[in-house]
$ cat protein06.cif   # mmCIF, C-alpha atoms
data_start
loop_
_atom_site.label_atom_id
_atom_site.label_comp_id
_atom_site.auth_asym_id
_atom_site.auth_seq_id
_atom_site.Cartn_x
_atom_site.Cartn_y
_atom_site.Cartn_z
CA MET A 21 -15.67 28.87 -48.03
CA GLY A 22 -14.43 25.41 -47.23
CA ARG A 23 -14.32 23.52 -43.99
CA GLY A 24 -11.91 20.94 -42.67
CA ALA A 25 -10.09 19.96 -39.53
CA GLY A 26 -8.61 22.84 -37.55
CA ILE A 27 -4.90 23.10 -38.28
CA ILE A 28 -3.95 24.69 -34.93
CA PRO A 29 -4.40 22.84 -31.63
CA LEU A 30 -6.52 24.84 -29.18
CA ARG A 31 -4.16 24.66 -26.22
CA PRO A 32 -1.41 26.95 -24.90
CA LEU A 33 1.29 27.26 -27.57
CA SER A 34 5.06 27.60 -27.44
CA ILE A 35 6.81 30.17 -29.62
CA GLY A 36 7.83 27.43 -32.03
CA GLU A 37 4.22 26.26 -32.33
CA ILE A 38 3.07 29.84 -32.91
CA TYR A 39 5.51 30.29 -35.80
CA ASP A 40 4.81 26.82 -37.18
CA GLY A 41 1.09 27.53 -36.95
CA ALA A 42 1.51 30.83 -38.81
CA ILE A 43 3.25 29.01 -41.66
CA ARG A 44 0.56 26.31 -41.66
CA VAL A 45 -2.15 28.94 -41.96
CA ILE A 46 -0.43 30.51 -44.98
CA ARG A 47 -0.01 27.12 -46.65
CA SER A 48 -3.64 26.22 -45.98
CA ASN A 49 -4.96 29.31 -47.79
CA PRO A 50 -2.21 31.00 -49.84
CA ARG A 51 -4.59 32.66 -52.31
CA THR A 52 -6.22 34.72 -49.58
CA MET A 53 -3.26 35.22 -47.25
CA VAL A 54 -0.58 36.07 -49.83
CA GLY A 55 -2.87 37.59 -52.48
CA LEU A 56 -4.61 40.04 -50.15
CA ALA A 57 -1.31 41.08 -48.55
CA ALA A 58 0.19 41.78 -51.99
CA VAL A 59 -2.77 43.84 -53.24
CA VAL A 60 -3.31 45.98 -50.13
CA GLY A 61 0.45 46.34 -49.58
CA ALA A 62 0.91 47.55 -53.16
CA ILE A 63 -1.81 50.19 -52.76
CA ILE A 64 -0.40 51.54 -49.48
CA THR A 65 3.19 51.48 -50.79
CA LEU A 66 2.47 53.21 -54.10
CA ILE A 67 0.41 56.00 -52.51
CA GLY A 68 3.53 57.33 -50.79
CA THR A 69 5.94 56.88 -53.69
CA VAL A 70 5.60 60.29 -55.37
CA PRO A 71 5.98 62.47 -52.23
CA GLN A 72 8.89 60.29 -51.12
CA ALA A 73 10.57 60.80 -54.51
CA PHE A 74 10.35 64.61 -54.23
CA ALA A 75 11.61 64.54 -50.64
CA LEU A 76 14.57 62.33 -51.56
CA ASN A 77 15.36 64.55 -54.54
CA THR A 78 15.46 67.54 -52.17
CA ILE A 79 17.92 65.70 -49.92
CA VAL A 80 20.19 64.58 -52.78
CA ASN A 81 20.30 68.04 -54.39
CA SER A 82 20.45 70.04 -51.17
CA PRO A 83 23.30 72.59 -51.02
CA ILE A 84 24.45 70.84 -47.88
CA SER A 85 24.80 67.55 -49.78
CA THR A 86 26.48 69.04 -52.87
CA ALA A 87 28.53 71.92 -51.49
CA PRO A 88 32.19 71.51 -50.53
CA GLU A 89 33.05 71.17 -46.85
CA SER A 90 34.35 74.75 -46.64
CA ALA A 91 31.11 76.28 -47.96
CA GLU A 92 28.79 78.15 -45.61
CA ILE A 93 25.50 76.48 -44.78
CA SER A 94 22.47 78.72 -44.32
CA ASN A 95 19.73 78.06 -41.79
CA SER A 96 17.16 77.83 -44.59
CA ASP A 97 19.19 75.10 -46.34
CA LEU A 98 19.50 73.20 -43.07
CA ALA A 99 15.77 73.56 -42.38
CA GLU A 100 14.93 72.35 -45.90
CA LEU A 101 17.17 69.30 -45.51
CA ILE A 102 15.74 68.42 -42.09
CA GLY A 103 12.20 68.89 -43.39
CA ALA A 104 12.77 66.63 -46.40
CA GLY A 105 14.39 63.98 -44.22
CA GLY A 106 11.52 64.20 -41.76
CA ILE A 107 8.95 63.80 -44.55
CA THR A 108 10.78 60.74 -45.90
CA ILE A 109 10.90 59.10 -42.47
CA LEU A 110 7.28 60.07 -41.68
CA ILE A 111 5.95 58.61 -44.94
CA ALA A 112 7.87 55.38 -44.35
CA MET A 113 6.51 55.15 -40.79
CA VAL A 114 2.94 55.82 -41.93
CA GLN A 115 3.19 53.23 -44.69
CA SER A 116 4.68 50.61 -42.40
CA LEU A 117 2.21 51.14 -39.56
CA LEU A 118 -0.85 51.32 -41.81
CA ALA A 119 0.20 48.27 -43.82
CA THR A 120 1.09 46.25 -40.74
CA THR A 121 -2.10 47.10 -38.83
CA ILE A 122 -4.60 46.95 -41.71
CA ILE A 123 -3.25 43.90 -43.55
CA THR A 124 -2.53 42.01 -40.35
CA GLY A 125 -6.00 42.90 -39.08
CA LEU A 126 -7.73 41.67 -42.23
CA LEU A 127 -5.75 38.44 -42.31
CA ILE A 128 -6.35 37.78 -38.61
CA VAL A 129 -9.94 36.87 -39.49
CA ALA A 130 -8.65 34.31 -42.00
CA VAL A 131 -6.37 32.90 -39.29
CA GLY A 132 -9.30 32.60 -36.90
CA ALA A 133 -11.24 30.76 -39.60
CA ALA A 134 -8.29 28.42 -40.22
CA VAL A 135 -8.19 27.53 -36.53
CA ARG A 136 -11.84 26.46 -36.82
CA GLY A 137 -11.08 24.46 -39.97
CA GLU A 138 -12.52 26.99 -42.46
CA THR A 139 -10.86 28.29 -45.61
CA LEU A 140 -12.01 31.80 -46.49
CA ALA A 141 -11.82 32.93 -50.10
CA PRO A 142 -10.79 36.59 -50.62
CA GLY A 143 -14.39 37.62 -51.32
CA ALA A 144 -15.71 35.88 -48.21
CA LEU A 145 -12.95 37.44 -46.10
CA TRP A 146 -13.80 40.88 -47.44
CA GLN A 147 -17.50 40.41 -46.70
CA ARG A 148 -16.70 39.33 -43.16
CA THR A 149 -14.25 42.14 -42.38
CA ARG A 150 -15.82 45.04 -44.29
CA PRO A 151 -18.13 46.14 -41.43
CA ARG A 152 -15.07 46.43 -39.16
CA LEU A 153 -12.78 48.16 -41.66
CA TRP A 154 -13.32 51.68 -40.28
CA ALA A 155 -12.66 50.51 -36.74
CA LEU A 156 -9.47 48.80 -37.92
CA LEU A 157 -8.38 51.96 -39.74
CA GLY A 158 -9.14 53.96 -36.60
CA LEU A 159 -6.89 51.65 -34.59
CA ALA A 160 -4.07 52.11 -37.12
CA LEU A 161 -4.41 55.90 -37.10
CA LEU A 162 -4.57 56.05 -33.30
CA LEU A 163 -1.36 54.03 -33.00
CA LEU A 164 0.18 56.35 -35.57
CA VAL A 165 -0.81 59.50 -33.68
CA ILE A 166 0.28 58.16 -30.29
CA ALA A 167 3.88 57.60 -31.47
CA PRO A 168 4.81 61.28 -32.02
CA LEU A 169 2.92 62.30 -28.87
CA ILE A 170 4.98 59.94 -26.71
CA ILE A 171 8.20 61.04 -28.44
CA ALA A 172 7.26 64.73 -28.03
CA LEU A 173 6.76 64.23 -24.30
CA GLY A 174 10.16 62.54 -24.10
CA VAL A 175 12.12 65.22 -25.95
CA ALA A 176 10.31 68.26 -24.48
CA PRO A 177 12.57 68.64 -21.38
CA GLY A 178 15.72 68.55 -23.49
CA LEU A 179 14.36 71.07 -25.99
CA ILE A 180 13.37 73.41 -23.18
CA LEU A 181 16.90 73.27 -21.76
CA LEU A 182 18.43 73.84 -25.19
CA LEU A 183 16.23 76.76 -26.18
CA ALA A 184 15.37 78.49 -22.94
CA LEU A 185 18.53 78.35 -20.84
CA ASP A 186 21.87 79.90 -21.86
CA GLY A 187 24.91 77.75 -21.18
CA ALA A 188 22.89 74.54 -20.83
CA GLU A 189 23.56 73.25 -24.33
CA VAL A 190 25.51 70.16 -23.25
CA VAL A 191 23.07 69.21 -20.52
CA GLY A 192 20.14 69.93 -22.83
CA ALA A 193 21.61 67.75 -25.59
CA ILE A 194 22.12 64.87 -23.14
CA VAL A 195 18.59 65.21 -21.75
CA LEU A 196 17.23 65.42 -25.30
CA ILE A 197 18.96 62.22 -26.42
CA VAL A 198 18.02 60.33 -23.25
CA GLY A 199 14.41 61.52 -23.49
CA MET A 200 14.21 60.48 -27.13
CA LEU A 201 15.56 57.01 -26.34
CA LEU A 202 13.24 56.55 -23.34
CA SER A 203 10.17 57.68 -25.30
CA PHE A 204 11.06 55.32 -28.15
CA VAL A 205 11.44 52.43 -25.69
CA ALA A 206 8.12 53.37 -24.05
CA TYR A 207 6.32 53.33 -27.40
CA LEU A 208 7.84 49.96 -28.27
CA ALA A 209 6.72 48.61 -24.89
CA PHE A 210 3.12 49.51 -25.70
CA TYR A 211 3.16 48.77 -29.45
CA LEU A 212 5.01 45.44 -29.23
CA GLY A 213 3.81 44.59 -25.74
CA PHE A 214 0.63 45.81 -24.12
CA TRP A 215 -1.17 46.71 -27.37
CA SER A 216 0.23 43.93 -29.54
CA VAL A 217 -3.03 41.92 -29.70
CA ALA A 218 -5.41 44.88 -30.03
CA ALA A 219 -6.16 44.12 -33.70
CA PRO A 220 -7.32 40.51 -33.13
CA ALA A 221 -9.32 41.65 -30.10
CA LEU A 222 -10.99 44.34 -32.20
CA LEU A 223 -11.90 41.96 -35.02
CA LEU A 224 -12.52 38.62 -33.34
CA GLU A 225 -14.42 40.07 -30.37
CA ASN A 226 -16.12 42.93 -32.26
CA LEU A 227 -14.73 45.60 -29.92
CA GLY A 228 -14.27 49.31 -30.45
CA VAL A 229 -10.83 50.88 -30.74
CA ALA A 230 -10.44 51.97 -27.11
CA ALA A 231 -11.99 48.73 -25.84
CA ALA A 232 -9.59 46.70 -28.01
CA LEU A 233 -6.58 48.52 -26.55
CA ARG A 234 -7.86 47.91 -23.02
CA ARG A 235 -8.58 44.27 -23.84
CA SER A 236 -5.07 43.80 -25.23
CA PHE A 237 -3.56 45.45 -22.15
CA GLY A 238 -5.54 43.13 -19.88
CA LEU A 239 -4.52 39.99 -21.77
CA VAL A 240 -0.83 40.91 -21.89
CA ARG A 241 -0.56 42.16 -18.30
CA GLY A 242 1.32 39.64 -16.19
CA THR A 243 3.04 38.07 -19.20
CA PHE A 244 4.52 41.22 -20.76
CA TRP A 245 8.09 40.01 -21.28
CA ARG A 246 7.01 36.81 -23.05
CA VAL A 247 4.66 38.72 -25.37
CA PHE A 248 7.19 41.49 -25.98
CA GLY A 249 9.91 38.94 -26.75
CA ILE A 250 7.72 37.09 -29.27
CA THR A 251 6.54 40.23 -31.04
CA LEU A 252 10.05 41.73 -31.08
CA LEU A 253 11.49 38.50 -32.52
CA THR A 254 8.70 38.46 -35.11
CA ALA A 255 9.53 42.06 -36.05
CA VAL A 256 13.23 41.18 -36.41
CA ILE A 257 12.44 38.15 -38.59
CA THR A 258 10.13 40.16 -40.84
CA TYR A 259 12.68 42.99 -41.12
CA ILE A 260 15.40 40.56 -42.23
CA VAL A 261 13.07 39.01 -44.82
CA GLN A 262 12.06 42.46 -46.06
CA GLN A 263 15.71 43.42 -46.54
CA ILE A 264 16.42 40.19 -48.42
CA PHE A 265 13.73 41.19 -50.92
CA SER A 266 14.24 44.97 -50.91
CA VAL A 267 18.03 45.41 -51.10
CA PRO A 268 18.53 43.72 -54.51
CA PHE A 269 15.73 45.83 -56.02
CA SER A 270 17.20 48.98 -54.44
CA VAL A 271 20.56 48.23 -56.08
CA ILE A 272 18.85 47.57 -59.43
CA GLY A 273 16.96 50.87 -59.12
CA VAL A 274 20.14 52.87 -58.49
CA LEU A 275 21.96 51.19 -61.39
CA LEU A 276 19.04 51.65 -63.78
CA ALA A 277 18.60 55.32 -62.86
CA GLY A 278 22.32 55.85 -63.44
CA VAL A 279 22.44 54.02 -66.78
CA ALA A 280 19.32 55.75 -68.08
CA ASP A 281 20.71 59.11 -66.88
CA PHE A 282 17.55 60.15 -65.08
CA SER A 283 17.83 63.44 -63.27
CA GLY A 284 15.90 65.23 -60.56
CA ALA A 285 12.79 63.74 -59.02
CA SER A 286 12.30 61.41 -61.99
CA GLY A 287 15.45 59.51 -61.06
CA GLU A 288 14.34 59.18 -57.45
CA LEU A 289 10.88 58.10 -58.62
CA VAL A 290 12.32 55.35 -60.82
CA GLN A 291 14.51 54.10 -57.97
CA LEU A 292 11.59 54.10 -55.55
CA LEU A 293 9.26 52.31 -57.98
CA ILE A 294 11.79 49.52 -58.51
CA THR A 295 12.56 49.35 -54.81
CA ASN A 296 8.83 49.15 -54.09
CA ILE A 297 8.58 45.98 -56.20
CA GLY A 298 10.79 44.29 -53.63
CA THR A 299 8.84 45.92 -50.80
CA ILE A 300 5.53 44.59 -52.15
CA MET A 301 6.97 41.12 -52.69
CA ALA A 302 8.36 41.11 -49.16
CA GLY A 303 5.02 42.27 -47.78
CA ALA A 304 3.23 39.41 -49.50
CA VAL A 305 5.41 37.08 -47.41
CA VAL A 306 5.89 38.87 -44.09
CA TYR A 307 2.40 40.30 -43.51
CA PRO A 308 0.65 36.91 -43.60
CA PHE A 309 3.33 35.50 -41.29
CA THR A 310 2.95 38.46 -38.91
CA ALA A 311 -0.85 38.13 -38.98
CA GLY A 312 -0.60 34.44 -38.19
CA ALA A 313 1.83 35.00 -35.34
CA VAL A 314 -0.21 37.85 -33.80
CA ALA A 315 -3.51 35.99 -34.10
CA LEU A 316 -2.09 32.82 -32.59
CA LEU A 317 -0.43 34.80 -29.80
CA TYR A 318 -3.83 36.33 -29.03
CA LEU A 319 -5.48 32.89 -29.01
CA ASP A 320 -2.66 31.55 -26.84
CA LEU A 321 -3.21 34.34 -24.30
CA ARG A 322 -6.92 33.66 -24.17
CA MET A 323 -6.42 29.91 -23.81
CA ARG A 324 -3.96 30.48 -20.97
CA ARG A 325 -6.08 33.07 -19.15
CA GLU A 326 -9.63 32.09 -20.01
CA GLY A 327 -9.54 28.48 -21.21
CA MET A 328 -11.02 29.58 -24.55
CA ASP A 329 -12.16 26.74 -26.79
CA VAL A 330 -13.27 26.45 -30.40
CA GLU A 331 -16.93 27.16 -29.59
CA VAL A 332 -16.02 30.52 -28.08
CA LEU A 333 -13.86 31.34 -31.10
CA ARG A 334 -16.67 30.35 -33.48
CA SER A 335 -19.08 32.73 -31.76
CA GLU A 336 -16.64 35.67 -31.85
CA GLN A 337 -16.44 36.69 -35.47
CA PRO A 338 -17.08 40.00 -37.24
CA ARG A 339 -20.79 40.43 -37.82
#

$ encode --input "protein06.cif" --output "structure tokens"
Amino acid sequence: MGRGAGIIPLRPLSIGEIYDGAIRVIRSNPRTMVGLAAVVGAIITLIGTVPQAFALNTIVNSPISTAPESAEISNSDLAELIGAGGITILIAMVQSLLATTIITGLLIVAVGAAVRGETLAPGALWQRTRPRLWALLGLALLLLVIAPLIIALGVAPGLILLLALDGAEVVGAIVLIVGMLLSFVAYLAFYLGFWSVAAPALLLENLGVAAALRRSFGLVRGTFWRVFGITLLTAVITYIVQQIFSVPFSVIGVLLAGVADFSGASGELVQLLITNIGTIMAGAVVYPFTAGAVALLYLDLRMRREGMDVEVLRSEQPR
């Protein structure tokens, strides 16, 4: 662990300074920031590859996908297709949320050290964050569970109208779509707004999961739109960067599977493995940037609300 001058000024930051600071943090310690993101991202990504391959193979070879338009579609075929699509989406959501929360959480400690002028090696970062790893995983799983609960509450009225009342199909469909959209917006408001700095609160203040969510809500309250705008813009930037890396590898995977004449789940597995190379490379870039932006947003909120200085930050580290 090295020590030098802090690379981030401890004063309220503009959005440009937050992003510039995130890049500075990565440049100050690339071995830890990029290396850890690549390793953990690869593990999380590869765990879901095989089930995703089988689900995608089910979709591609479904009678609905291969049958002519005039062919009859059975309820079982439709259920199988919807189930496979749901599994594919669910795995992608789980991977994204776990990777974002866990990697960002781990790297937040390195960002906090960089603000104090310290450079944490990967081993030192692991030693410092290991006692809080279960709490961080609990936060990620809670955020994962809350999403379908909020969506279920939003779509329940529409489903009731569709299934329970005859002649209310049109109204039920409208209520279902509106409820789904409203529940999705509500989850984004919490995930990208009120709970956006729960991970740094959990790690840098040694809080429990519920306490970290309450702490994040308290810090964001009163400045929701600014925080939501910054986190949403950060998500858009990271998505664009991810696509820049992922799309070329996706195209290569499709071409290679076609040339090699892979069939069945093996072809989908080859495509996913090649696509995942781009996903892992993108994660090595975007996760450190996201961690830097989230950590600096958290510090900015505390400096604005509480006048936090470097001595307070030094005393609030995982123990």

$ residues_near_point --input "protein06.cif" --point "(6.6, 43.0, -47.4)" --cutoff "10 Å" --atoms "all atoms listed in the file" --output "PyMOL selection string"
chain A and resi 57-58+61-62+65+116+119-120+258-259+261-263+265-266+296-308

$ closest_atom_pairs --input "protein06.cif" --of "stretch 195-281 of chain A" --to "stretch 176-183 of chain A" --cutoff "8 Å" --atoms "all atoms listed in the file" --output "JSON lines"
{"residue": "A:Val195", "atom": "CA", "partner": "A:Gly178", "partner_atom": "CA", "distance": 4.7}
{"residue": "A:Leu196", "atom": "CA", "partner": "A:Gly178", "partner_atom": "CA", "distance": 3.9}
{"residue": "A:Ile197", "atom": "CA", "partner": "A:Gly178", "partner_atom": "CA", "distance": 7.7}
{"residue": "A:Gly199", "atom": "CA", "partner": "A:Gly178", "partner_atom": "CA", "distance": 7.2}

$ closest_residue --input "protein06.cif" --among "A:Ala193, A:Ala141, A:Leu161, A:Leu156" --to "A:Leu227" --atoms "only C-alpha atoms"
A:Leu156

$ closest_residue --input "protein06.cif" --among "A:Val290, A:Ile250, A:Phe237, A:Ile272" --to "A:Ile38" --atoms "only C-alpha atoms"
A:Ile250

$ residues_around --input "protein06.cif" --residues "stretch 121-125 of chain A" --least-positions-apart "2" --cutoff "6 Å" --atoms "all atoms listed in the file" --output "PyMOL selection string"
chain A and resi 117-119+127-128+160+219+311

$ residues_around --input "protein06.cif" --residues "A:Val247" --least-positions-apart "4" --cutoff "12 Å" --atoms "all atoms listed in the file" --output "PyMOL selection string"
chain A and resi 34-35+38+209-217+236-237+239-243+251-254+313-314+316-318+320-321

$ atom_distance --input "protein06.cif" --atom1 "atom CA of A:Ile171" --atom2 "atom CA of A:Pro220"
26.2 Å

$ atom_distance --input "protein06.cif" --atom1 "atom CA of A:Met323" --atom2 "atom CA of A:Pro32"
5.9 Å

$ closest_residue --input "protein06.cif" --among "A:Ile67, A:Ile111, A:Leu140, A:Leu201" --to "A:Pro50" --atoms "only C-alpha atoms"
A:Leu140

$ closest_residue --input "protein06.cif" --among "A:Gly273, A:Leu208, A:Gln147, A:Glu138" --to "A:Phe244" --atoms "all atoms listed in the file"
A:Leu208

$ axis_aligned_box --input "protein06.cif" --around "stretch 210-228 of chain A" --padding-each-side "4 Å" --output "lines of an AutoDock Vina configuration file"
center_x = -5.6
center_y = 44.1
center_z = -29.6
size_x = 29.1
size_y = 18.9
size_z = 18.9

$ closest_residue --input "protein06.cif" --among "A:Val271, A:Ile166, A:Gly228, A:Leu153" --to "A:Ser203" --atoms "only C-alpha atoms"
A:Ile166

$ atom_distance --input "protein06.cif" --atom1 "atom CA of A:Tyr39" --atom2 "atom CA of A:Ala315"
10.8 Å

$ closest_residue --input "protein06.cif" --among "A:Gly158, A:Ile63, A:Ser48, A:Arg322" --to "A:Arg235" --atoms "only C-alpha atoms"
A:Arg322

$ residues_around --input "protein06.cif" --residues "A:Gly143" --least-positions-apart "5" --cutoff "12 Å" --atoms "all atoms listed in the file" --output "short mmCIF file (atom, residue, chain, number, x, y, z; two decimals) with C-alpha atoms, keeping the file's coordinate frame"
data_model
loop_
_atom_site.label_atom_id
_atom_site.label_comp_id
_atom_site.auth_asym_id
_atom_site.auth_seq_id
_atom_site.Cartn_x
_atom_site.Cartn_y
_atom_site.Cartn_z
CA MET A 21 -15.67 28.87 -48.03
CA ARG A 51 -4.59 32.66 -52.31
CA THR A 52 -6.22 34.72 -49.58
CA GLY A 55 -2.87 37.59 -52.48
CA LEU A 56 -4.61 40.04 -50.15
CA LEU A 126 -7.73 41.67 -42.23
CA ALA A 130 -8.65 34.31 -42.00
CA ARG A 148 -16.70 39.33 -43.16
CA THR A 149 -14.25 42.14 -42.38
CA ARG A 150 -15.82 45.04 -44.29
#

$ build_atoms --input "protein06.cif" --residues "stretch 214-241 of chain A" --atoms "N, CA and C atoms" --output "PDB file, in the coordinates of the input"
ATOM      1  N   PHE A 214       1.984  45.710 -24.663  1.00  0.00           N
ATOM      2  CA  PHE A 214       0.630  45.810 -24.120  1.00  0.00           C
ATOM      3  C   PHE A 214      -0.453  45.918 -25.189  1.00  0.00           C
ATOM      4  N   TRP A 215      -0.154  46.552 -26.331  1.00  0.00           N
ATOM      5  CA  TRP A 215      -1.170  46.710 -27.370  1.00  0.00           C
ATOM      6  C   TRP A 215      -0.972  45.763 -28.544  1.00  0.00           C
ATOM      7  N   SER A 216      -0.148  44.772 -28.402  1.00  0.00           N
ATOM      8  CA  SER A 216       0.230  43.930 -29.540  1.00  0.00           C
ATOM      9  C   SER A 216      -0.920  43.070 -30.060  1.00  0.00           C
ATOM     10  N   VAL A 217      -1.917  42.753 -29.236  1.00  0.00           N
ATOM     11  CA  VAL A 217      -3.030  41.920 -29.700  1.00  0.00           C
ATOM     12  C   VAL A 217      -4.325  42.723 -29.749  1.00  0.00           C
ATOM     13  N   ALA A 218      -4.209  44.052 -29.920  1.00  0.00           N
ATOM     14  CA  ALA A 218      -5.410  44.880 -30.030  1.00  0.00           C
ATOM     15  C   ALA A 218      -6.179  44.592 -31.315  1.00  0.00           C
ATOM     16  N   ALA A 219      -5.480  44.374 -32.425  1.00  0.00           N
ATOM     17  CA  ALA A 219      -6.160  44.120 -33.700  1.00  0.00           C
ATOM     18  C   ALA A 219      -6.993  42.839 -33.661  1.00  0.00           C
ATOM     19  N   PRO A 220      -6.452  41.691 -33.216  1.00  0.00           N
ATOM     20  CA  PRO A 220      -7.320  40.510 -33.130  1.00  0.00           C
ATOM     21  C   PRO A 220      -8.454  40.678 -32.136  1.00  0.00           C
ATOM     22  N   ALA A 221      -8.231  41.401 -31.053  1.00  0.00           N
ATOM     23  CA  ALA A 221      -9.320  41.650 -30.100  1.00  0.00           C
ATOM     24  C   ALA A 221     -10.420  42.471 -30.756  1.00  0.00           C
ATOM     25  N   LEU A 222     -10.024  43.478 -31.518  1.00  0.00           N
ATOM     26  CA  LEU A 222     -10.990  44.340 -32.200  1.00  0.00           C
ATOM     27  C   LEU A 222     -11.842  43.554 -33.194  1.00  0.00           C
ATOM     28  N   LEU A 223     -11.195  42.673 -33.961  1.00  0.00           N
ATOM     29  CA  LEU A 223     -11.900  41.960 -35.020  1.00  0.00           C
ATOM     30  C   LEU A 223     -12.609  40.703 -34.538  1.00  0.00           C
ATOM     31  N   LEU A 224     -11.940  39.906 -33.734  1.00  0.00           N
ATOM     32  CA  LEU A 224     -12.520  38.620 -33.340  1.00  0.00           C
ATOM     33  C   LEU A 224     -13.523  38.746 -32.198  1.00  0.00           C
ATOM     34  N   GLU A 225     -13.457  39.857 -31.457  1.00  0.00           N
ATOM     35  CA  GLU A 225     -14.420  40.070 -30.370  1.00  0.00           C
ATOM     36  C   GLU A 225     -15.357  41.239 -30.658  1.00  0.00           C
ATOM     37  N   ASN A 226     -15.238  41.836 -31.860  1.00  0.00           N
ATOM     38  CA  ASN A 226     -16.120  42.930 -32.260  1.00  0.00           C
ATOM     39  C   ASN A 226     -16.090  44.091 -31.258  1.00  0.00           C
ATOM     40  N   LEU A 227     -14.891  44.510 -30.875  1.00  0.00           N
ATOM     41  CA  LEU A 227     -14.730  45.600 -29.920  1.00  0.00           C
ATOM     42  C   LEU A 227     -14.443  46.911 -30.640  1.00  0.00           C
ATOM     43  N   GLY A 228     -14.676  48.020 -29.936  1.00  0.00           N
ATOM     44  CA  GLY A 228     -14.270  49.310 -30.450  1.00  0.00           C
ATOM     45  C   GLY A 228     -12.774  49.504 -30.273  1.00  0.00           C
ATOM     46  N   VAL A 229     -12.262  50.638 -30.767  1.00  0.00           N
ATOM     47  CA  VAL A 229     -10.830  50.880 -30.740  1.00  0.00           C
ATOM     48  C   VAL A 229     -10.303  50.959 -29.308  1.00  0.00           C
ATOM     49  N   ALA A 230     -10.906  51.812 -28.497  1.00  0.00           N
ATOM     50  CA  ALA A 230     -10.440  51.970 -27.110  1.00  0.00           C
ATOM     51  C   ALA A 230     -10.614  50.671 -26.331  1.00  0.00           C
ATOM     52  N   ALA A 231     -11.740  49.996 -26.546  1.00  0.00           N
ATOM     53  CA  ALA A 231     -11.990  48.730 -25.840  1.00  0.00           C
ATOM     54  C   ALA A 231     -10.978  47.668 -26.256  1.00  0.00           C
ATOM     55  N   ALA A 232     -10.579  47.670 -27.528  1.00  0.00           N
ATOM     56  CA  ALA A 232      -9.590  46.700 -28.010  1.00  0.00           C
ATOM     57  C   ALA A 232      -8.232  46.936 -27.368  1.00  0.00           C
ATOM     58  N   LEU A 233      -7.848  48.207 -27.212  1.00  0.00           N
ATOM     59  CA  LEU A 233      -6.580  48.520 -26.550  1.00  0.00           C
ATOM     60  C   LEU A 233      -6.610  48.093 -25.090  1.00  0.00           C
ATOM     61  N   ARG A 234      -7.739  48.352 -24.412  1.00  0.00           N
ATOM     62  CA  ARG A 234      -7.860  47.910 -23.020  1.00  0.00           C
ATOM     63  C   ARG A 234      -7.851  46.396 -22.910  1.00  0.00           C
ATOM     64  N   ARG A 235      -8.532  45.737 -23.842  1.00  0.00           N
ATOM     65  CA  ARG A 235      -8.580  44.270 -23.840  1.00  0.00           C
ATOM     66  C   ARG A 235      -7.186  43.695 -24.045  1.00  0.00           C
ATOM     67  N   SER A 236      -6.435  44.257 -24.982  1.00  0.00           N
ATOM     68  CA  SER A 236      -5.070  43.800 -25.230  1.00  0.00           C
ATOM     69  C   SER A 236      -4.208  44.001 -23.992  1.00  0.00           C
ATOM     70  N   PHE A 237      -4.330  45.165 -23.357  1.00  0.00           N
ATOM     71  CA  PHE A 237      -3.560  45.450 -22.150  1.00  0.00           C
ATOM     72  C   PHE A 237      -3.866  44.420 -21.063  1.00  0.00           C
ATOM     73  N   GLY A 238      -5.145  44.089 -20.904  1.00  0.00           N
ATOM     74  CA  GLY A 238      -5.540  43.130 -19.880  1.00  0.00           C
ATOM     75  C   GLY A 238      -5.020  41.728 -20.156  1.00  0.00           C
ATOM     76  N   LEU A 239      -5.006  41.321 -21.422  1.00  0.00           N
ATOM     77  CA  LEU A 239      -4.520  39.990 -21.770  1.00  0.00           C
ATOM     78  C   LEU A 239      -3.002  39.880 -21.594  1.00  0.00           C
ATOM     79  N   VAL A 240      -2.298  40.951 -21.924  1.00  0.00           N
ATOM     80  CA  VAL A 240      -0.830  40.910 -21.890  1.00  0.00           C
ATOM     81  C   VAL A 240      -0.295  41.106 -20.475  1.00  0.00           C
ATOM     82  N   ARG A 241      -1.026  41.863 -19.656  1.00  0.00           N
ATOM     83  CA  ARG A 241      -0.560  42.160 -18.300  1.00  0.00           C
ATOM     84  C   ARG A 241      -0.266  40.872 -17.533  1.00  0.00           C
TER      85      ARG A 241
END
